[in-house]
>>> print(open('protein_3.cif').read())   # mmCIF, C-alpha atoms
data_start
#
loop_
_atom_site.group_PDB
_atom_site.id
_atom_site.type_symbol
_atom_site.label_atom_id
_atom_site.label_comp_id
_atom_site.auth_asym_id
_atom_site.auth_seq_id
_atom_site.Cartn_x
_atom_site.Cartn_y
_atom_site.Cartn_z
ATOM 1 C CA MET A 1 65.619 107.270 98.577
ATOM 2 C CA THR A 2 68.479 108.805 100.555
ATOM 3 C CA THR A 3 71.742 110.010 99.111
ATOM 4 C CA ALA A 4 75.045 109.598 100.903
ATOM 5 C CA LYS A 5 76.381 112.733 102.537
ATOM 6 C CA PRO A 6 79.519 114.032 100.889
ATOM 7 C CA LEU A 7 82.696 113.306 102.784
ATOM 8 C CA THR A 8 84.335 116.060 104.737
ATOM 9 C CA ARG A 9 87.909 117.005 103.884
ATOM 10 C CA ILE A 10 89.188 115.066 106.912
ATOM 11 C CA GLN A 11 87.095 112.017 106.030
ATOM 12 C CA GLN A 12 88.373 112.059 102.472
ATOM 13 C CA LYS A 13 91.952 112.366 103.717
ATOM 14 C CA ASN A 14 91.432 109.422 106.093
ATOM 15 C CA ARG A 15 90.035 107.281 103.274
ATOM 16 C CA GLU A 16 93.035 108.099 101.104
ATOM 17 C CA THR A 17 95.405 107.323 103.991
ATOM 18 C CA ILE A 18 93.710 103.971 104.584
ATOM 19 C CA LEU A 19 93.800 103.004 100.901
ATOM 20 C CA ALA A 20 97.486 103.957 100.637
ATOM 21 C CA ALA A 21 98.252 101.842 103.716
ATOM 22 C CA ALA A 22 96.177 98.962 102.376
ATOM 23 C CA LEU A 23 98.038 99.144 99.077
ATOM 24 C CA ASP A 24 101.347 98.853 100.933
ATOM 25 C CA VAL A 25 100.178 95.857 102.938
ATOM 26 C CA PHE A 26 98.400 94.030 100.105
ATOM 27 C CA SER A 27 101.334 94.494 97.718
ATOM 28 C CA GLN A 28 103.704 93.013 100.310
ATOM 29 C CA GLN A 29 101.555 90.345 101.960
ATOM 30 C CA GLY A 30 99.000 89.491 99.296
ATOM 31 C CA PHE A 31 95.279 89.472 100.038
ATOM 32 C CA ARG A 32 95.348 86.342 102.184
ATOM 33 C CA GLY A 33 98.354 87.406 104.227
ATOM 34 C CA ALA A 34 97.110 90.946 104.904
ATOM 35 C CA THR A 35 95.196 91.710 108.103
ATOM 36 C CA LEU A 36 93.121 94.642 109.277
ATOM 37 C CA ASP A 37 95.535 95.129 112.161
ATOM 38 C CA GLN A 38 98.462 95.495 109.736
ATOM 39 C CA ILE A 39 96.547 98.005 107.627
ATOM 40 C CA ALA A 40 95.430 100.008 110.669
ATOM 41 C CA GLU A 41 99.007 100.158 111.943
ATOM 42 C CA ALA A 42 100.321 101.245 108.527
ATOM 43 C CA ALA A 43 97.625 103.928 108.345
ATOM 44 C CA GLY A 44 98.300 105.168 111.885
ATOM 45 C CA LEU A 45 94.644 104.671 112.818
ATOM 46 C CA SER A 46 92.821 102.475 115.271
ATOM 47 C CA LYS A 47 91.084 99.372 113.960
ATOM 48 C CA PRO A 48 87.604 100.717 114.871
ATOM 49 C CA ASN A 49 88.429 103.939 113.017
ATOM 50 C CA LEU A 50 89.488 101.875 110.018
ATOM 51 C CA LEU A 51 86.223 99.944 110.073
ATOM 52 C CA TYR A 52 84.276 103.208 110.168
ATOM 53 C CA TYR A 53 85.452 103.871 106.618
ATOM 54 C CA PHE A 54 85.663 100.329 105.243
ATOM 55 C CA PRO A 55 83.654 97.395 106.640
ATOM 56 C CA SER A 56 86.291 94.789 105.727
ATOM 57 C CA LYS A 57 89.630 94.204 104.077
ATOM 58 C CA GLU A 58 87.635 92.829 101.128
ATOM 59 C CA ALA A 59 86.059 96.263 100.634
ATOM 60 C CA MET A 60 89.460 97.985 100.640
ATOM 61 C CA HIS A 61 90.935 95.425 98.263
ATOM 62 C CA ALA A 62 87.985 95.708 95.877
ATOM 63 C CA GLU A 63 88.220 99.501 95.724
ATOM 64 C CA LEU A 64 91.963 99.384 95.105
ATOM 65 C CA LEU A 65 91.546 96.859 92.291
ATOM 66 C CA ASP A 66 88.677 98.771 90.676
ATOM 67 C CA ASN A 67 90.704 101.988 90.677
ATOM 68 C CA LEU A 68 93.835 100.194 89.507
ATOM 69 C CA LEU A 69 92.234 98.404 86.582
ATOM 70 C CA ASP A 70 90.880 101.669 85.235
ATOM 71 C CA ILE A 71 94.316 103.315 85.478
ATOM 72 C CA TRP A 72 96.112 100.231 84.184
ATOM 73 C CA LEU A 73 94.061 100.110 80.992
ATOM 74 C CA GLN A 74 94.207 103.817 80.138
ATOM 75 C CA PRO A 75 97.415 103.625 78.043
ATOM 76 C CA LEU A 76 95.814 100.906 75.927
ATOM 77 C CA ARG A 77 92.639 102.952 75.525
ATOM 78 C CA ASP A 78 94.822 105.823 74.305
ATOM 79 C CA LEU A 79 96.338 103.756 71.484
ATOM 80 C CA ASN A 80 95.220 105.867 68.527
ATOM 81 C CA PRO A 81 94.113 103.900 65.446
ATOM 82 C CA PHE A 82 94.742 106.997 63.311
ATOM 83 C CA GLY A 83 98.281 107.603 64.544
ATOM 84 C CA ASP A 84 101.565 106.315 63.202
ATOM 85 C CA PRO A 85 101.671 102.592 64.109
ATOM 86 C CA MET A 86 105.281 102.481 65.303
ATOM 87 C CA ASP A 87 104.946 105.710 67.272
ATOM 88 C CA GLU A 88 101.740 104.479 68.921
ATOM 89 C CA LEU A 89 103.228 101.100 69.863
ATOM 90 C CA LEU A 90 106.440 102.531 71.277
ATOM 91 C CA ARG A 91 104.528 105.195 73.200
ATOM 92 C CA TYR A 92 102.398 102.442 74.709
ATOM 93 C CA VAL A 93 105.495 100.461 75.721
ATOM 94 C CA ARG A 94 107.030 103.577 77.275
ATOM 95 C CA ARG A 95 103.898 104.382 79.261
ATOM 96 C CA LYS A 96 103.643 100.828 80.558
ATOM 97 C CA LEU A 97 107.284 100.945 81.640
ATOM 98 C CA ASP A 98 106.750 104.323 83.302
ATOM 99 C CA MET A 99 103.807 102.879 85.228
ATOM 100 C CA SER A 100 106.018 100.044 86.477
ATOM 101 C CA ARG A 101 108.541 102.627 87.668
ATOM 102 C CA ASP A 102 105.981 104.953 89.255
ATOM 103 C CA MET A 103 103.409 102.408 90.498
ATOM 104 C CA PRO A 104 105.309 99.300 91.662
ATOM 105 C CA ARG A 105 102.901 98.593 94.520
ATOM 106 C CA GLU A 106 99.930 98.680 92.174
ATOM 107 C CA SER A 107 101.690 96.329 89.774
ATOM 108 C CA ARG A 108 102.381 93.829 92.539
ATOM 109 C CA LEU A 109 98.788 94.122 93.791
ATOM 110 C CA PHE A 110 97.540 93.206 90.316
ATOM 111 C CA ALA A 111 100.094 90.380 89.972
ATOM 112 C CA ASN A 112 99.030 88.898 93.323
ATOM 113 C CA GLU A 113 95.401 88.936 92.220
ATOM 114 C CA MET A 114 96.310 87.131 88.987
ATOM 115 C CA LEU A 115 98.390 84.517 90.830
ATOM 116 C CA GLN A 116 95.400 83.732 93.037
ATOM 117 C CA GLY A 117 93.191 83.138 90.000
ATOM 118 C CA ALA A 118 91.613 86.619 89.873
ATOM 119 C CA PRO A 119 88.812 85.745 92.342
ATOM 120 C CA ARG A 120 87.800 89.371 92.825
ATOM 121 C CA ILE A 121 88.120 90.796 89.300
ATOM 122 C CA GLY A 122 87.572 87.766 87.092
ATOM 123 C CA ALA A 123 84.351 89.227 85.700
ATOM 124 C CA GLN A 124 86.150 92.418 84.696
ATOM 125 C CA LEU A 125 88.886 90.443 82.955
ATOM 126 C CA ASP A 126 86.326 88.473 80.948
ATOM 127 C CA GLY A 127 84.283 91.598 80.253
ATOM 128 C CA PRO A 128 85.688 95.139 79.897
ATOM 129 C CA LEU A 129 89.361 94.130 79.754
ATOM 130 C CA LYS A 130 88.816 91.455 77.106
ATOM 131 C CA ALA A 131 86.633 93.774 75.025
ATOM 132 C CA LEU A 132 89.278 96.519 75.079
ATOM 133 C CA VAL A 133 92.143 94.139 74.281
ATOM 134 C CA ASP A 134 90.180 92.565 71.410
ATOM 135 C CA ASP A 135 89.403 96.011 70.013
ATOM 136 C CA LYS A 136 93.034 97.142 70.102
ATOM 137 C CA ALA A 137 94.199 93.788 68.716
ATOM 138 C CA GLN A 138 92.009 94.504 65.695
ATOM 139 C CA VAL A 139 93.723 97.893 65.321
ATOM 140 C CA LEU A 140 97.130 96.192 65.421
ATOM 141 C CA GLN A 141 95.991 93.531 62.966
ATOM 142 C CA GLY A 142 94.768 96.250 60.602
ATOM 143 C CA TRP A 143 98.163 97.957 60.671
ATOM 144 C CA MET A 144 99.833 94.613 59.985
ATOM 145 C CA ASP A 145 97.454 93.810 57.122
ATOM 146 C CA GLU A 146 98.312 97.202 55.587
ATOM 147 C CA GLY A 147 102.030 96.388 55.816
ATOM 148 C CA ARG A 148 102.676 99.176 58.315
ATOM 149 C CA LEU A 149 103.910 96.742 60.974
ATOM 150 C CA THR A 150 105.455 93.293 60.679
ATOM 151 C CA ALA A 151 102.765 90.657 61.081
ATOM 152 C CA VAL A 152 102.813 88.940 64.482
ATOM 153 C CA PRO A 153 99.905 87.629 66.594
ATOM 154 C CA PRO A 154 98.509 90.892 68.027
ATOM 155 C CA HIS A 155 97.244 89.473 71.320
ATOM 156 C CA HIS A 156 100.619 87.907 72.011
ATOM 157 C CA LEU A 157 102.332 91.151 71.113
ATOM 158 C CA LEU A 158 100.323 92.839 73.876
ATOM 159 C CA PHE A 159 101.095 90.001 76.301
ATOM 160 C CA SER A 160 104.808 90.417 75.601
ATOM 161 C CA ILE A 161 104.624 94.168 76.243
ATOM 162 C CA TRP A 162 102.895 93.556 79.560
ATOM 163 C CA ALA A 163 105.433 90.916 80.567
ATOM 164 C CA LEU A 164 108.494 92.922 79.550
ATOM 165 C CA THR A 165 107.393 96.122 81.270
ATOM 166 C CA GLN A 166 105.700 94.864 84.438
ATOM 167 C CA HIS A 167 108.663 92.579 85.163
ATOM 168 C CA TYR A 168 110.601 95.658 86.303
ATOM 169 C CA ALA A 169 108.033 96.343 89.034
ATOM 170 C CA ASP A 170 107.157 92.799 90.079
ATOM 171 C CA PHE A 171 110.798 91.618 90.170
ATOM 172 C CA ASP A 172 112.423 94.928 91.091
ATOM 173 C CA ILE A 173 114.627 93.379 93.805
ATOM 174 C CA GLN A 174 115.993 90.777 91.408
ATOM 175 C CA VAL A 175 116.589 93.308 88.635
ATOM 176 C CA ARG A 176 118.518 95.673 90.905
ATOM 177 C CA ALA A 177 120.499 92.829 92.489
ATOM 178 C CA VAL A 178 121.610 91.527 89.090
ATOM 179 C CA LEU A 179 122.430 94.939 87.617
ATOM 180 C CA GLY A 180 124.209 96.138 90.740
ATOM 181 C CA PRO A 181 124.645 99.726 91.943
ATOM 182 C CA GLY A 182 124.984 102.594 89.521
ATOM 183 C CA HIS A 183 122.386 101.340 87.041
ATOM 184 C CA ASP A 184 119.040 102.940 86.313
ATOM 185 C CA PRO A 185 117.041 99.863 85.251
ATOM 186 C CA PHE A 186 114.182 101.885 83.799
ATOM 187 C CA HIS A 187 116.385 104.112 81.650
ATOM 188 C CA GLU A 188 118.252 101.100 80.312
ATOM 189 C CA ALA A 189 115.035 99.126 79.853
ATOM 190 C CA GLY A 190 113.410 101.985 77.954
ATOM 191 C CA ALA A 191 116.234 102.106 75.414
ATOM 192 C CA PHE A 192 116.332 98.322 75.118
ATOM 193 C CA LEU A 193 112.586 97.869 74.652
ATOM 194 C CA ASP A 194 112.464 100.680 72.090
ATOM 195 C CA THR A 195 115.138 98.891 70.046
ATOM 196 C CA LEU A 196 113.564 95.460 70.546
ATOM 197 C CA PHE A 197 110.075 96.388 69.387
ATOM 198 C CA ARG A 198 111.297 98.702 66.652
ATOM 199 C CA ARG A 199 113.343 95.883 65.121
ATOM 200 C CA LEU A 200 110.595 93.326 65.641
ATOM 201 C CA LEU A 201 107.821 95.381 64.110
ATOM 202 C CA ALA A 202 109.507 97.521 61.435
ATOM 203 C CA PRO A 203 107.922 96.367 58.145
ATOM 204 C CA GLN A 204 110.286 94.715 55.712
ATOM 205 C CA PRO A 205 110.511 96.082 52.175
ATOM 206 C CA ARG A 206 108.411 94.024 49.828
ATOM 207 C CA SER A 207 110.365 92.221 47.140
ATOM 208 C CA ARG A 208 109.410 93.121 43.582
#
>>> encode(input="protein_3.cif", output="structure tokens")
Amino acid sequence: MTTAKPLTRIQQKNRETILAAALDVFSQQGFRGATLDQIAEAAGLSKPNLLYYFPSKEAMHAELLDNLLDIWLQPLRDLNPFGDPMDELLRYVRRKLDMSRDMPRESRLFANEMLQGAPRIGAQLDGPLKALVDDKAQVLQGWMDEGRLTAVPPHHLLFSIWALTQHYADFDIQVRAVLGPGHDPFHEAGAFLDTLFRRLLAPQPRSR
């Protein structure tokens, strides 16, 4: 059994350059519209040099999605069942919004994969992602059963958080066009979403 030689510093840098270029191209063109020539040009490398590191655009796309899914799910993993329910929920919303601000290309890459029917990460959606979401939905349901949050369907609560935060990355052009110059959409969205979910989920006093 042979083990792969560790990458040199230059090789590692080239891989990172290629993946960054591929992310740009995939997020703009989608998987089907992206070509190796476009990625090579964006990376500033020749096509043969590109293929030295990755045998196909499928390999680049798969690595980007694998890395992205792990990062994308981390804020949900960090939802602490022993924390204050409202604080935990609003922190999760804030982190998801921050990711849309800081990682718009990654958000669009994920959205494109979903729109195509998740052909490359369907198994991960049905497996690790579903297991994590089900686990955290149980945490939310427990808080609701204890009267610490208003009772709403927990899975749909998570769906709404995803939709309301990732919209600002996936539809950034539309958001900025509608708001016009001089607006920071993420600052305004943060304040709005904090108010929205706080009012939605704040438990009502029980009548005696």
>>> resolve_selection(input="protein_3.cif", expression="the PyMOL selection byres ((chain A and resi 93-99) around 7)", output="list of chain:residue names")
A:Pro75, A:Leu89, A:Leu90, A:Arg91, A:Tyr92, A:Ser100, A:Arg101, A:Asp102, A:Met103, A:Ile161, A:Thr165, A:Gln166, A:Gly190
>>> closest_residue(input="protein_3.cif", among="A:Leu19, A:Leu115, A:Ile71, A:Val152", to="Leu50 (chain A)", atoms="only C-alpha atoms")
A:Leu19
>>> closest_residue(input="protein_3.cif", among="A:Asn14, A:Gln124, A:Thr150, A:Gln116", to="Asp66 (chain A)", atoms="only C-alpha atoms")
A:Gln124
>>> residues_around(input="protein_3.cif", residues="Gly142 (chain A)", least_positions_apart="5", cutoff="12 Å", atoms="all atoms listed in the file", output="list in words")
Pro81, Phe82, Pro85, Asp135, Lys136, Ala137, Gly147, Arg148, Leu149, Thr150, Ala151, Val152, Pro153 and Pro154 of chain A
>>> atom_distance(input="protein_3.cif", atom1="CA of Asp70 (chain A)", atom2="CA of Val133 (chain A)")
13.4 Å
>>> closest_residue(input="protein_3.cif", among="A:Gln11, A:Asp194, A:Asp78, A:Ala34", to="Lys57 (chain A)", atoms="only C-alpha atoms")
A:Ala34
>>> atom_distance(input="protein_3.cif", atom1="CA of Leu179 (chain A)", atom2="CA of Arg198 (chain A)")
24.0 Å
>>> atom_distance(input="protein_3.cif", atom1="CA of Val25 (chain A)", atom2="CA of Leu76 (chain A)")
27.8 Å
>>> resolve_selection(input="protein_3.cif", expression="the PyMOL selection byres ((chain A and resi 20) around 12)", output="list in words")
Lys13, Asn14, Arg15, Glu16, Thr17, Ile18, Leu19, Ala21, Ala22, Leu23, Asp24, Val25, Phe26, Ser27, Ile39, Ala40, Ala42, Ala43, Gly44, Met60, His61, Glu63, Leu64, Met103, Arg105 and Glu106 of chain A
